[in-house]
Amino acid sequence: MGVLHRFVGKEGQFEWENVPVENYENGGAVGGTRCVVIGRQEGANNFSLRYYEVRYGGQTSFDVHDHDHGVYVLRGTARVLMGREVVEVVVGDVIYIPPNERHQFENIGDEPFGFLCAVPL
C-alpha cells in the first residue's frame, strides 16, 4: 500500500506530516535543511525524493555522484554549478544532473531556496 505525507507547511514553511526535517550542513553545505519525503522508510526500493531548503546566502555541498539527479525548483532563486557551466534557476525550473557531473546550488535570492530532488537508491 502506498504512503501519503500530507503537506502541513504554514507561513512559508515547506513541511510534510511525519517527515523529519534534518540539518544539512556537511561537505561544504551552509544554511540548509533536508527532508526525505519518499525513501526506504516508505517502502521505495528504486528512488528517493528529497526536499532541500537553503537559506539566503547559503549553499549545498559541492558534489559529484555516480547517480543522476532530477531537480524541481519549488521556491526562491539560485545559481547552479553544473559541470563547468553556471546558470540561474527560479521557481518551476527543472534540472537534470547526469552521473559524475560536479554540481552545487547557491541561494542568490532574498528568500529561502527550496527544491525537490529525485535520485536512485
# chains A, B, ... in the order shown; residues from 1 in each chain; ligands from 1
call {"tool": "closest_atom_pairs", "arguments": {"of": "range 16-97 of chain A", "to": "range 114-118 of chain A", "cutoff": "7 Å", "atoms": "only C-alpha atoms", "output": "Markdown table"}}
result
| residue | atom | partner | partner_atom | distance |
| --- | --- | --- | --- | --- |
| A:Phe47 | CA | A:Ala118 | CA | 6.8 |
| A:Ser48 | CA | A:Ala118 | CA | 5.6 |
| A:Leu49 | CA | A:Ala118 | CA | 4.5 |
| A:Arg50 | CA | A:Cys117 | CA | 5.2 |
| A:Tyr51 | CA | A:Leu116 | CA | 4.5 |
| A:Tyr52 | CA | A:Phe115 | CA | 5.5 |
| A:Glu53 | CA | A:Gly114 | CA | 4.2 |
| A:Val54 | CA | A:Gly114 | CA | 6.4 |
| A:His69 | CA | A:Ala118 | CA | 5.8 |
| A:Gly70 | CA | A:Ala118 | CA | 5.1 |
| A:Val71 | CA | A:Cys117 | CA | 4.5 |
| A:Tyr72 | CA | A:Leu116 | CA | 5.2 |
| A:Val73 | CA | A:Phe115 | CA | 4.4 |
| A:Leu74 | CA | A:Phe115 | CA | 5.1 |
| A:Arg75 | CA | A:Gly114 | CA | 5.0 |
| A:Gly76 | CA | A:Gly114 | CA | 6.5 |
call {"tool": "residues_around", "arguments": {"residues": "Gly2 in chain A", "least_positions_apart": "6", "cutoff": "10 Å", "atoms": "only C-alpha atoms", "output": "JSON, numbers by chain"}}
result
{"A": [42, 43, 44]}
call {"tool": "atom_distance", "arguments": {"atom1": "CA of Met82 in chain A", "atom2": "CA of Val119 in chain A"}}
result
16.2 Å
call {"tool": "atom_distance", "arguments": {"atom1": "CA of Thr77 in chain A", "atom2": "CA of Glu15 in chain A"}}
result
19.3 Å
call {"tool": "closest_residue", "arguments": {"among": "A:Val36, A:Phe7, A:Gln104, A:Ala78", "to": "Val21 in chain A", "atoms": "only C-alpha atoms"}}
result
A:Val36
call {"tool": "select_by_dssp", "arguments": {"residues": "chain A", "states": "strand (DSSP E or B)", "output": "ChimeraX atom specification"}}
result
/A:7,16,22-24,30-38,47-59,63,69-75,78-82,85-89,94-97,103-107,113-120
call {"tool": "atom_distance", "arguments": {"atom1": "CA of Val3 in chain A", "atom2": "CA of Ile95 in chain A"}}
result
26.0 Å
call {"tool": "residues_around", "arguments": {"residues": "Val87 in chain A", "least_positions_apart": "6", "cutoff": "10 Å", "atoms": "only C-alpha atoms", "output": "list in words"}}
result
Ala78, Arg79, Val80, Leu81 and Phe105 of chain A
call {"tool": "write_last_selection", "arguments": {"atoms": "all heavy atoms", "output": "mmCIF file, in the first residue's frame"}}
result
data_model
loop_
_atom_site.group_PDB
_atom_site.id
_atom_site.type_symbol
_atom_site.label_atom_id
_atom_site.label_comp_id
_atom_site.auth_asym_id
_atom_site.auth_seq_id
_atom_site.Cartn_x
_atom_site.Cartn_y
_atom_site.Cartn_z
ATOM 1 N N ALA A 78 18.342 30.599 -7.395
ATOM 2 C CA ALA A 78 19.687 30.108 -7.092
ATOM 3 C C ALA A 78 20.580 30.161 -8.319
ATOM 4 O O ALA A 78 20.106 30.210 -9.459
ATOM 5 C CB ALA A 78 19.630 28.673 -6.571
ATOM 6 N N ARG A 79 21.860 30.116 -8.040
ATOM 7 C CA ARG A 79 22.876 29.929 -9.065
ATOM 8 C C ARG A 79 23.289 28.468 -8.935
ATOM 9 O O ARG A 79 23.557 27.988 -7.823
ATOM 10 C CB ARG A 79 24.054 30.866 -8.816
ATOM 11 C CG ARG A 79 25.074 30.872 -9.886
ATOM 12 C CD ARG A 79 26.168 31.922 -9.698
ATOM 13 N NE ARG A 79 26.275 32.522 -8.390
ATOM 14 C CZ ARG A 79 26.009 33.807 -8.107
ATOM 15 N NH1 ARG A 79 25.585 34.624 -9.050
ATOM 16 N NH2 ARG A 79 26.156 34.282 -6.891
ATOM 17 N N VAL A 80 23.338 27.758 -10.081
ATOM 18 C CA VAL A 80 23.645 26.327 -10.060
ATOM 19 C C VAL A 80 24.890 26.063 -10.890
ATOM 20 O O VAL A 80 24.962 26.466 -12.055
ATOM 21 C CB VAL A 80 22.470 25.490 -10.628
ATOM 22 C CG1 VAL A 80 22.790 24.004 -10.547
ATOM 23 C CG2 VAL A 80 21.185 25.797 -9.899
ATOM 24 N N LEU A 81 25.839 25.390 -10.270
ATOM 25 C CA LEU A 81 27.009 24.909 -10.990
ATOM 26 C C LEU A 81 26.661 23.526 -11.521
ATOM 27 O O LEU A 81 26.262 22.646 -10.760
ATOM 28 C CB LEU A 81 28.223 24.812 -10.064
ATOM 29 C CG LEU A 81 29.433 24.066 -10.638
ATOM 30 C CD1 LEU A 81 30.038 24.845 -11.797
ATOM 31 C CD2 LEU A 81 30.458 23.809 -9.542
ATOM 32 N N PHE A 105 24.298 24.150 -5.568
ATOM 33 C CA PHE A 105 23.256 25.173 -5.606
ATOM 34 C C PHE A 105 23.612 26.261 -4.593
ATOM 35 O O PHE A 105 23.925 25.959 -3.442
ATOM 36 C CB PHE A 105 21.897 24.583 -5.235
ATOM 37 C CG PHE A 105 21.389 23.578 -6.216
ATOM 38 C CD1 PHE A 105 21.800 22.252 -6.154
ATOM 39 C CD2 PHE A 105 20.488 23.940 -7.203
ATOM 40 C CE1 PHE A 105 21.324 21.311 -7.054
ATOM 41 C CE2 PHE A 105 20.007 23.008 -8.109
ATOM 42 C CZ PHE A 105 20.435 21.697 -8.038
#
call {"tool": "closest_residue", "arguments": {"among": "A:Gln13, A:Glu106, A:Tyr56, A:Val89", "to": "Ala29 in chain A", "atoms": "only C-alpha atoms"}}
result
A:Glu106
call {"tool": "residues_around", "arguments": {"residues": "Arg55 in chain A", "least_positions_apart": "2", "cutoff": "8 Å", "atoms": "only C-alpha atoms", "output": "number ranges by chain"}}
result
A: 31-32, 53, 57-59, 107, 111-113
call {"tool": "write_last_selection", "arguments": {"atoms": "N, CA, C and O atoms", "output": "PDB file, in the first residue's frame"}}
result
ATOM      1  N   GLY A  31      23.739  26.489   5.764  1.00  0.00           N
ATOM      2  CA  GLY A  31      22.397  27.045   5.885  1.00  0.00           C
ATOM      3  C   GLY A  31      21.307  26.209   5.261  1.00  0.00           C
ATOM      4  O   GLY A  31      20.339  26.762   4.752  1.00  0.00           O
ATOM      5  N   GLY A  32      21.429  24.897   5.324  1.00  0.00           N
ATOM      6  CA  GLY A  32      20.439  24.052   4.663  1.00  0.00           C
ATOM      7  C   GLY A  32      19.723  23.077   5.581  1.00  0.00           C
ATOM      8  O   GLY A  32      20.195  22.752   6.671  1.00  0.00           O
ATOM      9  N   GLU A  53      16.176  22.742   1.443  1.00  0.00           N
ATOM     10  CA  GLU A  53      15.941  24.178   1.544  1.00  0.00           C
ATOM     11  C   GLU A  53      17.231  24.835   2.011  1.00  0.00           C
ATOM     12  O   GLU A  53      17.890  24.343   2.932  1.00  0.00           O
ATOM     13  N   GLY A  57      21.961  33.290   1.201  1.00  0.00           N
ATOM     14  CA  GLY A  57      23.403  33.287   1.361  1.00  0.00           C
ATOM     15  C   GLY A  57      24.002  31.904   1.559  1.00  0.00           C
ATOM     16  O   GLY A  57      25.211  31.765   1.630  1.00  0.00           O
ATOM     17  N   GLY A  58      23.161  30.872   1.646  1.00  0.00           N
ATOM     18  CA  GLY A  58      23.648  29.511   1.856  1.00  0.00           C
ATOM     19  C   GLY A  58      23.897  28.778   0.558  1.00  0.00           C
ATOM     20  O   GLY A  58      23.621  29.280  -0.542  1.00  0.00           O
ATOM     21  N   GLN A  59      24.394  27.546   0.708  1.00  0.00           N
ATOM     22  CA  GLN A  59      24.687  26.726  -0.469  1.00  0.00           C
ATOM     23  C   GLN A  59      24.638  25.249  -0.099  1.00  0.00           C
ATOM     24  O   GLN A  59      24.786  24.888   1.063  1.00  0.00           O
ATOM     25  N   ASN A 107      22.035  29.839  -3.018  1.00  0.00           N
ATOM     26  CA  ASN A 107      20.882  30.735  -2.935  1.00  0.00           C
ATOM     27  C   ASN A 107      21.341  32.164  -3.197  1.00  0.00           C
ATOM     28  O   ASN A 107      22.194  32.692  -2.488  1.00  0.00           O
ATOM     29  N   GLU A 111      14.933  35.109  -0.293  1.00  0.00           N
ATOM     30  CA  GLU A 111      14.082  34.184   0.457  1.00  0.00           C
ATOM     31  C   GLU A 111      14.729  32.799   0.402  1.00  0.00           C
ATOM     32  O   GLU A 111      15.681  32.593  -0.339  1.00  0.00           O
ATOM     33  N   PRO A 112      14.226  31.855   1.176  1.00  0.00           N
ATOM     34  CA  PRO A 112      14.790  30.503   1.087  1.00  0.00           C
ATOM     35  C   PRO A 112      14.671  29.945  -0.341  1.00  0.00           C
ATOM     36  O   PRO A 112      13.723  30.263  -1.068  1.00  0.00           O
ATOM     37  N   PHE A 113      15.651  29.144  -0.713  1.00  0.00           N
ATOM     38  CA  PHE A 113      15.635  28.422  -1.986  1.00  0.00           C
ATOM     39  C   PHE A 113      15.293  26.973  -1.660  1.00  0.00           C
ATOM     40  O   PHE A 113      15.981  26.337  -0.858  1.00  0.00           O
TER      41      PHE A 113
END
call {"tool": "residues_around", "arguments": {"residues": "Val8 in chain A", "least_positions_apart": "5", "cutoff": "12 Å", "atoms": "only C-alpha atoms", "output": "PyMOL selection string"}}
result
chain A and resi 13-19
call {"tool": "closest_residue", "arguments": {"among": "A:His67, A:Arg40, A:Arg84, A:Arg6", "to": "Tyr96 in chain A", "atoms": "only C-alpha atoms"}}
result
A:His67
